[in-house]
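Asker: Have a peek at work_36.txt (compact mmCIF, C-alpha atoms).
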# COMPACT_ATOMS: atom_id res chain seq x y z
CA MET A 10 56.40 -1.86 -2.14
CA ALA A 11 53.10 -2.55 -0.40
CA ASP A 12 53.59 -3.58 3.22
CA VAL A 13 50.72 -5.95 4.07
CA ARG A 14 50.88 -7.59 7.48
CA PRO A 15 48.94 -9.79 9.88
CA PHE A 16 47.64 -8.18 13.05
CA ARG A 17 46.06 -9.01 16.40
CA ALA A 18 42.40 -8.36 15.81
CA LEU A 19 39.85 -7.54 18.46
CA ALA A 20 36.92 -9.83 17.65
CA PRO A 21 33.51 -10.78 19.07
CA ASN A 22 33.45 -13.50 21.69
CA PRO A 23 30.55 -15.86 20.79
CA GLN A 24 30.42 -17.14 24.37
CA ILE A 25 29.16 -13.70 25.43
CA VAL A 26 27.64 -12.07 22.33
CA GLY A 27 26.15 -15.25 20.84
CA ASN A 28 25.55 -15.38 17.10
CA PRO A 29 27.85 -12.84 15.37
CA ALA A 30 25.02 -12.14 12.91
CA GLY A 31 23.57 -9.76 15.47
CA VAL A 32 26.85 -7.96 16.01
CA ILE A 33 27.85 -6.85 12.50
CA CYS A 34 26.72 -3.67 10.77
CA PRO A 35 27.54 -1.89 7.51
CA PRO A 36 30.16 0.90 7.37
CA TYR A 37 29.08 4.33 8.57
CA ASP A 38 28.39 5.92 5.18
CA VAL A 39 25.42 3.70 4.33
CA ILE A 40 23.79 3.63 7.77
CA SER A 41 20.55 5.62 7.62
CA PRO A 42 18.78 6.78 10.79
CA GLN A 43 16.19 4.02 10.38
CA MET A 44 18.90 1.40 9.84
CA ARG A 45 20.67 2.63 12.98
CA ARG A 46 17.50 2.20 15.01
CA ASP A 47 16.99 -1.29 13.60
CA LEU A 48 20.58 -2.30 14.38
CA TYR A 49 20.30 -0.96 17.92
CA ARG A 50 17.27 -3.17 18.45
CA ARG A 51 18.86 -6.18 16.76
CA HIS A 52 21.51 -6.85 19.41
CA PRO A 53 22.92 -5.10 22.51
CA PHE A 54 26.45 -5.70 21.16
CA ASN A 55 25.83 -4.51 17.61
CA LEU A 56 28.85 -2.50 16.39
CA VAL A 57 26.65 0.32 15.13
CA ARG A 58 26.96 1.73 18.66
CA ILE A 59 30.65 2.33 17.95
CA GLU A 60 30.73 2.77 14.16
CA GLU A 61 27.83 5.24 13.86
CA GLY A 62 26.18 5.76 17.21
CA GLU A 63 23.16 7.89 18.10
CA THR A 64 23.38 11.64 18.66
CA PHE A 65 21.41 13.63 21.23
CA PRO A 66 20.53 17.34 21.59
CA SER A 67 22.54 17.47 24.80
CA ASP A 68 25.77 16.28 23.14
CA GLY A 69 28.88 18.36 23.75
CA PRO A 70 32.68 18.04 23.72
CA ALA A 71 32.77 15.82 26.82
CA ASN A 72 29.82 13.60 25.97
CA ASN A 73 28.96 12.78 22.37
CA ARG A 74 28.59 9.78 20.12
CA HIS A 75 32.37 9.47 19.69
CA THR A 76 33.15 9.56 23.40
CA ARG A 77 30.30 7.10 23.99
CA ALA A 78 31.75 4.86 21.26
CA ALA A 79 35.09 4.82 23.06
CA ALA A 80 33.43 4.04 26.38
CA THR A 81 31.41 1.24 24.78
CA LEU A 82 34.51 -0.25 23.15
CA ARG A 83 36.36 -0.15 26.45
CA GLN A 84 33.42 -1.69 28.32
CA TRP A 85 32.98 -4.51 25.81
CA THR A 86 36.71 -5.28 25.88
CA GLU A 87 36.89 -5.30 29.67
CA SER A 88 33.81 -7.55 29.92
CA GLY A 89 35.23 -10.05 27.43
CA ALA A 90 32.57 -9.44 24.78
CA LEU A 91 35.45 -8.48 22.51
CA VAL A 92 38.65 -10.52 22.75
CA ARG A 93 42.01 -9.71 21.17
CA ASP A 94 44.01 -12.42 19.45
CA GLU A 95 47.24 -13.34 21.19
CA THR A 96 49.24 -13.70 17.96
CA PRO A 97 49.08 -11.81 14.64
CA ALA A 98 47.02 -13.30 11.84
CA PHE A 99 45.43 -12.61 8.51
CA TYR A 100 41.67 -13.17 8.37
CA LEU A 101 40.08 -14.65 5.27
CA LEU A 102 36.41 -13.79 4.85
CA ARG A 103 34.00 -15.49 2.45
CA HIS A 104 30.82 -13.51 1.94
CA ARG A 105 27.94 -15.21 0.12
CA PHE A 106 25.03 -12.96 -0.82
CA PRO A 107 21.95 -12.99 -3.06
CA PHE A 108 22.06 -10.90 -6.22
CA GLY A 109 20.03 -10.96 -9.42
CA GLY A 110 18.27 -14.22 -8.57
CA ALA A 111 21.54 -16.05 -7.83
CA VAL A 112 23.98 -16.42 -4.93
CA LYS A 113 27.35 -14.73 -5.35
CA SER A 114 30.49 -15.40 -3.33
CA ARG A 115 33.33 -12.96 -2.61
CA LEU A 116 36.62 -13.66 -0.83
CA SER A 117 38.56 -10.95 0.99
CA LEU A 118 41.74 -10.92 3.02
CA ILE A 119 41.55 -8.75 6.14
CA ALA A 120 45.00 -7.36 6.89
CA CYS A 121 46.85 -4.28 8.03
CA VAL A 122 48.37 -2.20 5.22
CA ARG A 123 51.10 0.34 5.81
CA LEU A 124 49.85 3.85 5.13
CA GLU A 125 51.37 5.43 2.04
CA GLU A 126 51.02 8.93 0.65
CA TYR A 127 49.24 8.84 -2.70
CA GLU A 128 52.23 10.25 -4.57
CA ASN A 129 54.16 7.08 -3.76
CA ARG A 130 51.80 5.24 -6.16
CA ILE A 131 51.51 2.21 -3.89
CA VAL A 132 47.98 2.84 -2.64
CA LEU A 133 45.95 4.39 -5.47
CA PRO A 134 42.78 6.49 -4.95
CA HIS A 135 40.01 6.92 -7.51
CA GLU A 136 37.90 9.72 -6.05
CA HIS A 137 38.16 13.01 -4.19
CA THR A 138 36.99 13.33 -0.59
CA GLN A 139 35.06 15.84 1.49
CA GLY A 140 36.22 17.41 4.72
CA ALA A 141 33.16 16.82 6.92
CA ALA A 142 33.28 13.03 6.60
CA LYS A 143 37.00 12.97 7.42
CA GLU A 144 36.51 15.17 10.48
CA ASP A 145 33.84 12.78 11.73
CA ARG A 146 35.97 9.69 11.19
CA LEU A 147 39.00 11.34 12.77
CA ALA A 148 37.00 12.14 15.89
CA LEU A 149 35.99 8.48 16.15
CA MET A 150 39.56 7.29 15.57
CA GLU A 151 40.95 9.68 18.17
CA THR A 152 38.51 8.60 20.88
CA THR A 153 38.54 4.85 20.21
CA ARG A 154 42.20 4.63 19.11
CA SER A 155 41.09 1.94 16.68
CA ASN A 156 40.12 1.12 13.11
CA ILE A 157 36.52 0.03 13.60
CA SER A 158 35.74 -0.80 9.96
CA GLN A 159 37.95 -1.89 7.08
CA ILE A 160 38.62 -0.04 3.87
CA MET A 161 38.25 -2.03 0.64
CA LEU A 162 41.40 -2.44 -1.45
CA LEU A 163 41.69 -4.23 -4.80
CA TYR A 164 44.71 -6.05 -6.21
CA ARG A 165 45.65 -8.27 -9.15
CA ASP A 166 46.88 -11.85 -8.75
CA GLY A 167 46.96 -12.94 -12.38
CA GLU A 168 49.48 -15.67 -11.60
CA ARG A 169 47.22 -16.96 -8.82
CA LYS A 170 50.05 -17.08 -6.31
CA LEU A 171 47.62 -16.93 -3.40
CA SER A 172 44.76 -19.07 -4.68
CA GLY A 173 46.28 -22.37 -3.46
CA LEU A 174 46.78 -21.05 0.05
CA PHE A 175 43.29 -19.59 0.11
CA ASP A 176 41.77 -22.86 -1.13
CA GLU A 177 43.64 -24.76 1.57
CA THR A 178 42.45 -22.31 4.21
CA THR A 179 38.78 -22.39 3.21
CA ALA A 180 38.84 -26.21 3.26
CA GLY A 181 39.39 -25.98 7.01
CA THR A 182 37.06 -25.10 9.87
CA PRO A 183 36.18 -21.39 10.06
CA VAL A 184 36.36 -19.30 13.21
CA PHE A 185 32.93 -17.82 12.42
CA ASP A 186 30.19 -19.35 10.28
CA PHE A 187 26.80 -17.63 10.30
CA SER A 188 24.06 -15.99 8.24
CA ASP A 189 22.47 -12.58 8.77
CA PRO A 190 18.79 -11.56 8.52
CA GLU A 191 19.41 -10.00 5.08
CA GLY A 192 20.28 -13.36 3.52
CA SER A 193 24.07 -13.11 3.51
CA ALA A 194 26.32 -15.90 4.82
CA PHE A 195 29.76 -15.28 6.32
CA GLN A 196 32.69 -17.55 7.04
CA LEU A 197 35.91 -16.28 8.59
CA TRP A 198 39.19 -18.19 8.79
CA ARG A 199 42.32 -17.24 10.70
CA ILE A 200 45.75 -17.59 9.00
CA ALA A 201 48.46 -17.39 11.68
CA ASP A 202 51.19 -19.80 10.53
CA PRO A 203 54.34 -17.63 10.03
CA GLU A 204 55.29 -19.40 6.80
CA LYS A 205 51.85 -18.75 5.32
CA THR A 206 51.58 -15.16 6.54
CA GLY A 207 55.08 -14.50 5.21
CA HIS A 208 54.09 -15.85 1.80
CA ILE A 209 51.03 -13.59 1.68
CA SER A 210 53.10 -10.53 2.62
CA ASP A 211 55.74 -11.38 0.01
CA VAL A 212 53.16 -11.76 -2.77
CA MET A 213 51.39 -8.54 -1.84
CA ALA A 214 54.65 -6.56 -1.67
CA SER A 215 54.89 -6.26 -5.46
CA LYS A 216 51.31 -5.14 -6.07
CA PRO A 217 49.70 -1.72 -6.33
CA LEU A 218 46.59 -1.51 -4.17
CA TYR A 219 43.53 0.32 -5.47
CA ILE A 220 41.12 1.95 -3.02
CA ALA A 221 37.63 0.73 -3.94
CA ASP A 222 35.75 1.95 -0.85
CA GLY A 223 36.98 3.95 2.12
CA HIS A 224 38.84 7.00 0.78
CA HIS A 225 37.71 9.14 3.72
CA ARG A 226 38.84 6.58 6.27
CA TYR A 227 42.18 6.08 4.50
CA GLU A 228 42.93 9.80 4.45
CA THR A 229 41.77 10.07 8.06
CA ALA A 230 44.29 7.36 8.96
CA LEU A 231 47.02 9.40 7.25
CA THR A 232 46.07 12.40 9.40
CA TYR A 233 45.95 10.27 12.56
CA ARG A 234 49.47 8.99 11.81
CA ALA A 235 50.79 12.48 11.05
CA ARG A 236 49.52 13.76 14.41
CA ARG A 237 51.67 11.18 16.17
CA GLY A 238 54.85 12.11 14.35
CA PRO A 239 57.37 9.98 12.46
CA SER A 240 58.06 6.50 13.78
CA SER A 241 61.20 4.45 13.29
CA HIS A 242 59.34 1.26 14.13
CA SER A 243 56.18 -0.41 12.84
CA GLN A 244 53.62 1.08 15.17
CA ALA A 245 49.97 0.17 14.82
CA HIS A 246 49.07 3.72 13.78
CA ASP A 247 51.39 3.39 10.76
CA PHE A 248 48.87 0.93 9.26
CA VAL A 249 45.19 0.78 8.38
CA MET A 250 42.89 -2.24 8.61
CA SER A 251 41.83 -3.27 5.10
CA SER A 252 39.99 -5.94 3.17
CA LEU A 253 41.91 -6.91 0.06
CA ILE A 254 39.94 -8.38 -2.84
CA GLU A 255 41.32 -9.77 -6.10
CA MET A 256 39.99 -7.84 -9.10
CA ASP A 257 38.87 -10.97 -10.92
CA ASP A 258 36.91 -12.33 -7.95
CA PRO A 259 33.52 -13.32 -9.41
CA GLY A 260 31.78 -11.85 -6.37
CA LEU A 261 33.32 -8.40 -6.81
CA LEU A 262 30.35 -6.43 -8.08
CA VAL A 263 30.69 -2.85 -9.28
CA LEU A 264 27.31 -1.16 -9.72
CA PRO A 265 26.78 2.21 -11.39
CA TYR A 266 25.55 5.43 -9.89
CA HIS A 267 22.76 7.04 -11.90
CA ARG A 268 22.27 10.81 -12.12
CA VAL A 269 18.90 12.49 -11.60
CA LEU A 270 18.55 16.20 -12.36
CA GLY A 271 16.10 18.34 -10.46
CA ARG A 272 15.08 21.92 -9.79
CA LEU A 273 15.83 23.03 -13.36
CA ASP A 274 14.06 26.11 -14.66
CA ALA A 275 12.71 26.28 -18.21
CA GLU A 276 15.85 27.91 -19.58
CA ARG A 277 18.21 25.26 -18.20
CA THR A 278 15.89 22.46 -19.29
CA GLU A 279 16.00 23.87 -22.82
CA ARG A 280 19.81 24.27 -22.69
CA LEU A 281 20.16 20.70 -21.46
CA ASP A 282 18.07 19.38 -24.36
CA TYR A 283 20.15 21.44 -26.83
CA THR A 284 23.42 20.15 -25.34
CA ILE A 285 22.23 16.54 -25.42
CA ASP A 286 21.20 16.87 -29.06
CA SER A 287 24.58 18.36 -30.01
CA LEU A 288 26.54 15.57 -28.29
CA PHE A 289 24.43 12.47 -28.75
CA THR A 290 22.14 10.77 -31.19
CA ARG A 291 18.81 9.84 -29.61
CA GLU A 292 16.84 6.71 -30.31
CA PRO A 293 13.84 5.28 -28.48
CA ALA A 294 14.72 2.48 -26.09
CA ALA A 295 12.98 -0.83 -26.66
CA ALA A 296 12.09 -1.12 -22.97
CA ASP A 297 9.92 1.22 -20.90
CA PRO A 298 11.50 2.53 -17.68
CA GLU A 299 8.20 2.35 -15.79
CA THR A 300 7.38 -1.29 -16.53
CA GLN A 301 10.56 -2.90 -17.96
CA LEU A 302 13.38 -1.28 -16.04
CA ASP A 303 15.55 -4.42 -15.80
CA ARG A 304 15.24 -4.91 -19.55
CA LEU A 305 16.16 -1.27 -20.16
CA LEU A 306 19.26 -1.55 -17.96
CA GLN A 307 20.29 -4.70 -19.81
CA GLU A 308 19.83 -2.86 -23.11
CA ILE A 309 22.14 -0.09 -21.89
CA GLU A 310 24.68 -2.65 -20.68
CA THR A 311 24.65 -4.63 -23.93
CA ARG A 312 24.85 -1.64 -26.25
CA GLY A 313 27.47 -0.05 -24.03
CA ARG A 314 29.97 -2.84 -24.65
CA GLU A 315 30.67 -1.47 -28.12
CA GLN A 316 30.14 2.30 -27.71
CA SER A 317 29.37 5.03 -25.21
CA VAL A 318 25.66 4.66 -24.42
CA ILE A 319 23.59 6.37 -21.73
CA GLY A 320 19.92 5.81 -20.93
CA LEU A 321 17.74 8.89 -20.51
CA ALA A 322 14.25 9.28 -19.09
CA GLN A 323 12.76 12.79 -19.00
CA ALA A 324 9.65 14.03 -17.28
CA HIS A 325 8.48 15.85 -20.42
CA ARG A 326 9.12 12.92 -22.79
CA LYS A 327 7.36 9.56 -22.90
CA GLY A 328 9.36 6.37 -22.41
CA ALA A 329 13.16 6.31 -22.43
CA GLU A 330 15.88 6.97 -24.97
CA LEU A 331 19.36 5.68 -25.62
CA LEU A 332 21.99 8.38 -26.07
CA THR A 333 25.01 7.47 -28.21
CA LEU A 334 27.98 9.83 -28.35
CA ARG A 335 28.33 11.27 -31.84
CA PRO A 336 31.41 10.15 -33.85
CA GLY A 337 34.49 12.31 -33.44
CA LEU A 338 33.36 14.06 -30.24
CA ARG A 339 35.33 11.98 -27.76
CA PRO A 340 38.32 14.13 -26.66
CA LYS A 341 41.22 11.78 -27.39
CA GLU A 342 43.70 13.97 -25.54
CA LYS A 343 41.91 13.08 -22.28
CA GLY A 344 42.91 9.44 -22.61
CA PRO A 345 40.99 6.41 -21.29
CA ILE A 346 38.78 8.39 -18.90
CA ALA A 347 37.03 9.91 -21.93
CA SER A 348 35.57 6.44 -22.59
CA PHE A 349 33.73 6.45 -19.28
CA GLU A 350 30.08 7.44 -19.63
CA ALA A 351 29.89 9.18 -16.25
CA TRP A 352 32.83 11.40 -17.24
CA ILE A 353 31.31 12.12 -20.66
CA LEU A 354 27.99 13.05 -19.08
CA GLU A 355 29.46 15.24 -16.35
CA GLU A 356 32.28 16.98 -18.22
CA MET A 357 30.72 17.36 -21.65
CA ALA A 358 27.02 17.81 -20.88
CA LEU A 359 26.17 18.69 -17.28
CA LYS A 360 28.99 21.06 -16.32
CA PRO A 361 28.55 23.25 -19.43
CA VAL A 362 24.86 23.65 -18.53
CA LEU A 363 24.96 23.74 -14.72
CA GLY A 364 28.44 25.06 -13.98
CA ASP A 365 29.27 25.45 -10.30
CA SER A 366 25.68 24.67 -9.32
CA LEU A 367 25.93 21.06 -10.56
CA ASN A 368 25.94 19.53 -7.07
CA SER A 369 22.75 21.35 -6.12
CA HIS A 370 20.86 19.96 -9.12
CA VAL A 371 22.15 16.36 -9.28
CA THR A 372 21.11 13.43 -7.10
CA TRP A 373 23.34 10.34 -7.30
CA LEU A 374 21.54 7.00 -6.85
CA HIS A 375 22.71 3.45 -7.39
CA ASP A 376 19.09 2.25 -7.37
CA ALA A 377 17.71 2.77 -10.88
CA ALA A 378 14.12 2.25 -9.74
CA GLU A 379 14.52 5.06 -7.21
CA ALA A 380 16.00 7.27 -9.93
CA VAL A 381 13.01 6.74 -12.22
CA GLU A 382 10.60 7.19 -9.32
CA LEU A 383 11.94 10.71 -8.68
CA LEU A 384 10.65 11.80 -12.09
CA ARG A 385 7.09 11.08 -11.02
CA GLY A 386 7.15 13.56 -8.16
CA GLY A 387 7.53 16.62 -10.37
CA SER A 388 10.66 18.05 -8.70
CA HIS A 389 13.08 16.24 -11.04
CA GLN A 390 13.27 16.57 -14.79
CA ALA A 391 15.75 13.96 -16.09
CA ALA A 392 17.24 10.61 -15.06
CA PHE A 393 20.46 9.47 -16.71
CA LEU A 394 20.91 5.70 -16.40
CA LEU A 395 24.47 4.40 -16.68
CA LYS A 396 26.15 1.05 -17.00
CA ALA A 397 28.78 -0.08 -14.52
CA LEU A 398 32.40 0.90 -14.99
CA PRO A 399 34.35 -2.15 -16.27
CA MET A 400 37.16 -3.17 -13.92
CA ASP A 401 39.80 -3.08 -16.67
CA LEU A 402 38.91 0.54 -17.45
CA PHE A 403 38.84 1.34 -13.71
CA GLU A 404 42.35 -0.10 -13.36
CA THR A 405 43.66 1.77 -16.40
CA ILE A 406 42.29 5.14 -15.34
CA VAL A 407 43.35 4.89 -11.70
CA SER A 408 46.82 3.63 -12.65
CA ARG A 409 47.28 6.91 -14.53
CA ALA A 410 46.79 8.86 -11.27
CA GLU A 411 43.41 10.18 -12.43
CA ARG A 412 40.31 10.59 -10.28
CA LEU A 413 36.89 9.51 -11.43
CA PRO A 414 33.84 11.79 -11.24
CA ARG A 415 32.01 11.85 -7.93
CA LYS A 416 29.91 8.73 -7.31
CA SER A 417 31.29 6.66 -10.17
CA THR A 418 31.28 3.26 -8.51
CA PHE A 419 29.21 1.41 -5.94
CA PHE A 420 30.99 -1.73 -4.78
CA HIS A 421 28.37 -4.21 -3.63
CA PRO A 422 27.89 -5.51 -1.03
CA LYS A 423 29.51 -3.32 1.59
CA LEU A 424 32.05 -4.92 3.91
CA PRO A 425 30.69 -6.05 7.27
CA THR A 426 31.87 -4.10 10.31
CA GLY A 427 32.35 -5.90 13.59
CA LEU A 428 34.19 -9.15 12.90
CA THR A 429 37.62 -7.54 13.36
CA ILE A 430 38.73 -4.30 15.01
CA ASN A 431 42.30 -3.00 14.80
CA PRO A 432 43.63 -1.25 17.95
CA LEU A 433 46.00 1.59 17.04
CA TYR A 434 48.26 1.73 20.11
CA GLY A 435 51.66 0.09 20.54
CA PRO A 436 53.50 -1.97 17.94
CA LEU A 437 51.51 -3.77 15.27
Reformat the file's structure so that it appears as structure tokens.

Answerer:
Amino acid sequence: MADVRPFRALAPNPQIVGNPAGVICPPYDVISPQMRRDLYRRHPFNLVRIEEGETFPSDGPANNRHTRAAATLRQWTESGALVRDETPAFYLLRHRFPFGGAVKSRLSLIACVRLEEYENRIVLPHEHTQGAAKEDRLALMETTRSNISQIMLLYRDGERKLSGLFDETTAGTPVFDFSDPEGSAFQLWRIADPEKTGHISDVMASKPLYIADGHHRYETALTYRARRGPSSHSQAHDFVMSSLIEMDDPGLLVLPYHRVLGRLDAERTERLDYTIDSLFTREPAAADPETQLDRLLQEIETRGREQSVIGLAQAHRKGAELLTLRPGLRPKEKGPIASFEAWILEEMALKPVLGDSLNSHVTWLHDAAEAVELLRGGSHQAAFLLKALPMDLFETIVSRAERLPRKSTFFHPKLPTGLTINPLYGPL
């Protein structure tokens, strides 16, 4: 059973920090050096200073970005810039954001979720992780003794057992209501009534939770808990701060990652062409990737509803092509994952050609325009354009305890960091 509970969040105090729009930042893994500099300049209390602070040549074990993050968190708490709630609560966040010429809206429930080993099949992962990122996050967790950013978890509420409560909550006055410079609007409500929080926990108890974003932070939290030994009580370190989003939420956007191949010699380029021809039928795309990229992506999306279709632009070929998997080549024994274009491309085409060197030749990008642009520079030879993974197929594959290929999903937009922090000391 999933154990989803309210908690006492540490949150910005508007009387000191002002508009929370200046305080929030994205999670660490999408913060570029330039974005970090911009966020530092945006506001003296921006959470980037804790989530992904600056490094300096003089950094060492006693003074580094993680120890500075802990000192900053302590200073902001002692000064009252961050204030901890007196009673546990769930936090309901509505995030409105521009996308594709329209405004989308996504609702997430910020809660603490009891940490579960994957084999318990309560919290379900969909990708493998890398050690360096987990070491970095563990260092931050050890120094700050806090969850600074939330992981993103998905759940199903087909019977809509929570929709009435959420509608009632969002009809009230939010704790925070602001817009950021990027055009997003945020509203945060606090749910503290014991009857309501109990209902939410009861509904969530029967549901598997799917990790959408935050595998490294989740596994880091498991390590952090293990270092503190078994606990007979519900200590804060037994849980991880999470944003839970219903899978049918219209604002839950899953974007694809495209694959761009570079640094291929003539022999591998020839082998790649041969492999593509043996697996797929090629046909010219109606849209040109240079001038009609949106139309080309729509063509891939539309055709891909009925069959496995991948877009391909190559430096030595004009225009773009649609690749359709030849009949009878899908390995049925692999199950549902063999219907996923990223798996087909990686397992059936790229690995046979590139082998163990695949990671050194592939660049993963969720921006299709950037993928096509790489072909112009001469260092890259092919861009494979993919459609997004449907959520029903995502759910089916992950429910079978299978992992997707690296960079299979990009959940957009990223969760904001800074509206709630979860201290990891004492009881929850």

Asker: When distances are computed from all atoms listed in the file, which of A:Glu151, A:Glu411, A:Asp176, A:Glu355 shows the smallest separation from Glu136 (chain A)?

Answerer: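 For Glu136 (chain A), the nearest of the candidates is A:Glu411.
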
Asker: Work out how far CA of Asp247 (chain A) is from CA of Ala90 (chain A), in Å to one decimal.

Answerer: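 Here the two named atoms are 26.7 Å from each other.
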
Asker: Which neighbours of Arg314 (chain A) fall inside 10 Å, counting all atoms listed in the file, when residues of the same chain fewer than 5 positions from it are skipped, and could you give them as a short mmCIF file (atom, residue, chain, number, x, y, z; two decimals) with C-alpha atoms, in the frame of the given file?

Answerer:
data_model
loop_
_atom_site.label_atom_id
_atom_site.label_comp_id
_atom_site.auth_asym_id
_atom_site.auth_seq_id
_atom_site.Cartn_x
_atom_site.Cartn_y
_atom_site.Cartn_z
CA ILE A 309 22.14 -0.09 -21.89
CA LYS A 396 26.15 1.05 -17.00
CA PRO A 399 34.35 -2.15 -16.27
#

Asker: Show which residues sit within 12 Å of Glu382 (chain A), as a list of chain:residue names. Count only C-alpha atoms, and ignore same-chain residues fewer than 6 positions away.

Answerer: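 Here the qualifying residues turn out to be A:Val269, A:Pro298, A:Glu299, A:Thr300, A:Leu302, A:Ala322, A:Gln323, A:Ala324, A:Leu374, A:Asp376, A:Ser388, A:His389, A:Gln390, A:Ala391, A:Ala392.
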
Asker: With all atoms listed in the file as the basis for distance, which of A:Ser251, A:Thr405, A:Asn28, A:Thr81 is at the shortest distance from Phe187 (chain A)?

Answerer: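 Selected residue with least distance to Phe187 (chain A): A:Asn28.
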
Asker: Find the spatial neighbours of Asn22 (chain A), counting all atoms listed in the file, within a cut-off of 10 Å - ignore same-chain residues fewer than 4 positions away - and output them as a PyMOL selection string.

Answerer: chain A and resi 26-29+85-86+89-93+428

Asker: Counting all atoms listed in the file, which residues have an atom no more than 12 Å from (14.8, 23.9, -18.9) in the file's coordinates? Please list them as a tab-separated table (two decimals) with C-alpha atoms, in the frame of the given file.

Answerer:
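After the write, part-v5.tsv holds the following:
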chain	number	residue	atom	x	y	z
A	270	LEU	CA	18.55	16.20	-12.36
A	271	GLY	CA	16.10	18.34	-10.46
A	272	ARG	CA	15.08	21.92	-9.79
A	273	LEU	CA	15.83	23.03	-13.36
A	274	ASP	CA	14.06	26.11	-14.66
A	275	ALA	CA	12.71	26.28	-18.21
A	276	GLU	CA	15.85	27.91	-19.58
A	277	ARG	CA	18.21	25.26	-18.20
A	278	THR	CA	15.89	22.46	-19.29
A	279	GLU	CA	16.00	23.87	-22.82
A	280	ARG	CA	19.81	24.27	-22.69
A	281	LEU	CA	20.16	20.70	-21.46
A	282	ASP	CA	18.07	19.38	-24.36
A	283	TYR	CA	20.15	21.44	-26.83
A	284	THR	CA	23.42	20.15	-25.34
A	323	GLN	CA	12.76	12.79	-19.00
A	324	ALA	CA	9.65	14.03	-17.28
A	325	HIS	CA	8.48	15.85	-20.42
A	362	VAL	CA	24.86	23.65	-18.53
A	363	LEU	CA	24.96	23.74	-14.72
A	389	HIS	CA	13.08	16.24	-11.04
A	390	GLN	CA	13.27	16.57	-14.79
A	391	ALA	CA	15.75	13.96	-16.09

Asker: Rounded to one decimal, what separation in Å do you get between CA of Val318 (chain A) and CA of Val39 (chain A)?

Answerer: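 Calculated distance between CA of Val318 (chain A) and CA of Val39 (chain A) is 28.8 Å.
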
Asker: Measure the distance from CA of Leu331 (chain A) to CA of Phe108 (chain A) in Å and round it to one decimal.

Answerer: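 Result for CA of Leu331 (chain A) versus CA of Phe108 (chain A): 25.7 Å, one decimal.
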
Asker: Here is a test: counting only C-alpha atoms, which residue of A:Arg236, A:Arg146, A:Arg130, A:Arg58 is nearest to Lys216 (chain A)?

Answerer: A:Arg130

Asker: N, CA and C atoms for region 246-257 of chain A, written as a PDB file, in the frame of the given file, could you do that?

Answerer:
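Contents of the output file out-v4.pdb:
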ATOM      1  N   HIS A 246      49.652   2.576  14.467  1.00  0.00           N
ATOM      2  CA  HIS A 246      49.070   3.720  13.780  1.00  0.00           C
ATOM      3  C   HIS A 246      49.723   4.006  12.425  1.00  0.00           C
ATOM      4  N   ASP A 247      50.770   3.275  12.086  1.00  0.00           N
ATOM      5  CA  ASP A 247      51.390   3.390  10.760  1.00  0.00           C
ATOM      6  C   ASP A 247      50.627   2.570   9.716  1.00  0.00           C
ATOM      7  N   PHE A 248      49.603   1.842  10.146  1.00  0.00           N
ATOM      8  CA  PHE A 248      48.870   0.930   9.260  1.00  0.00           C
ATOM      9  C   PHE A 248      47.379   1.222   9.332  1.00  0.00           C
ATOM     10  N   VAL A 249      46.646   0.663   8.383  1.00  0.00           N
ATOM     11  CA  VAL A 249      45.190   0.780   8.380  1.00  0.00           C
ATOM     12  C   VAL A 249      44.589  -0.589   8.071  1.00  0.00           C
ATOM     13  N   MET A 250      43.562  -0.956   8.825  1.00  0.00           N
ATOM     14  CA  MET A 250      42.890  -2.240   8.610  1.00  0.00           C
ATOM     15  C   MET A 250      42.146  -2.208   7.266  1.00  0.00           C
ATOM     16  N   SER A 251      42.362  -3.240   6.470  1.00  0.00           N
ATOM     17  CA  SER A 251      41.830  -3.270   5.100  1.00  0.00           C
ATOM     18  C   SER A 251      41.348  -4.654   4.744  1.00  0.00           C
ATOM     19  N   SER A 252      40.397  -4.693   3.815  1.00  0.00           N
ATOM     20  CA  SER A 252      39.990  -5.940   3.170  1.00  0.00           C
ATOM     21  C   SER A 252      40.496  -5.902   1.743  1.00  0.00           C
ATOM     22  N   LEU A 253      41.325  -6.870   1.388  1.00  0.00           N
ATOM     23  CA  LEU A 253      41.910  -6.910   0.060  1.00  0.00           C
ATOM     24  C   LEU A 253      41.187  -7.955  -0.785  1.00  0.00           C
ATOM     25  N   ILE A 254      40.734  -7.529  -1.963  1.00  0.00           N
ATOM     26  CA  ILE A 254      39.940  -8.380  -2.840  1.00  0.00           C
ATOM     27  C   ILE A 254      40.584  -8.419  -4.224  1.00  0.00           C
ATOM     28  N   GLU A 255      40.729  -9.613  -4.770  1.00  0.00           N
ATOM     29  CA  GLU A 255      41.320  -9.770  -6.100  1.00  0.00           C
ATOM     30  C   GLU A 255      40.337  -9.245  -7.150  1.00  0.00           C
ATOM     31  N   MET A 256      40.861  -8.511  -8.135  1.00  0.00           N
ATOM     32  CA  MET A 256      39.990  -7.840  -9.100  1.00  0.00           C
ATOM     33  C   MET A 256      39.152  -8.791  -9.939  1.00  0.00           C
ATOM     34  N   ASP A 257      39.621 -10.006 -10.123  1.00  0.00           N
ATOM     35  CA  ASP A 257      38.870 -10.970 -10.920  1.00  0.00           C
ATOM     36  C   ASP A 257      37.956 -11.853 -10.080  1.00  0.00           C
TER      37      ASP A 257
END
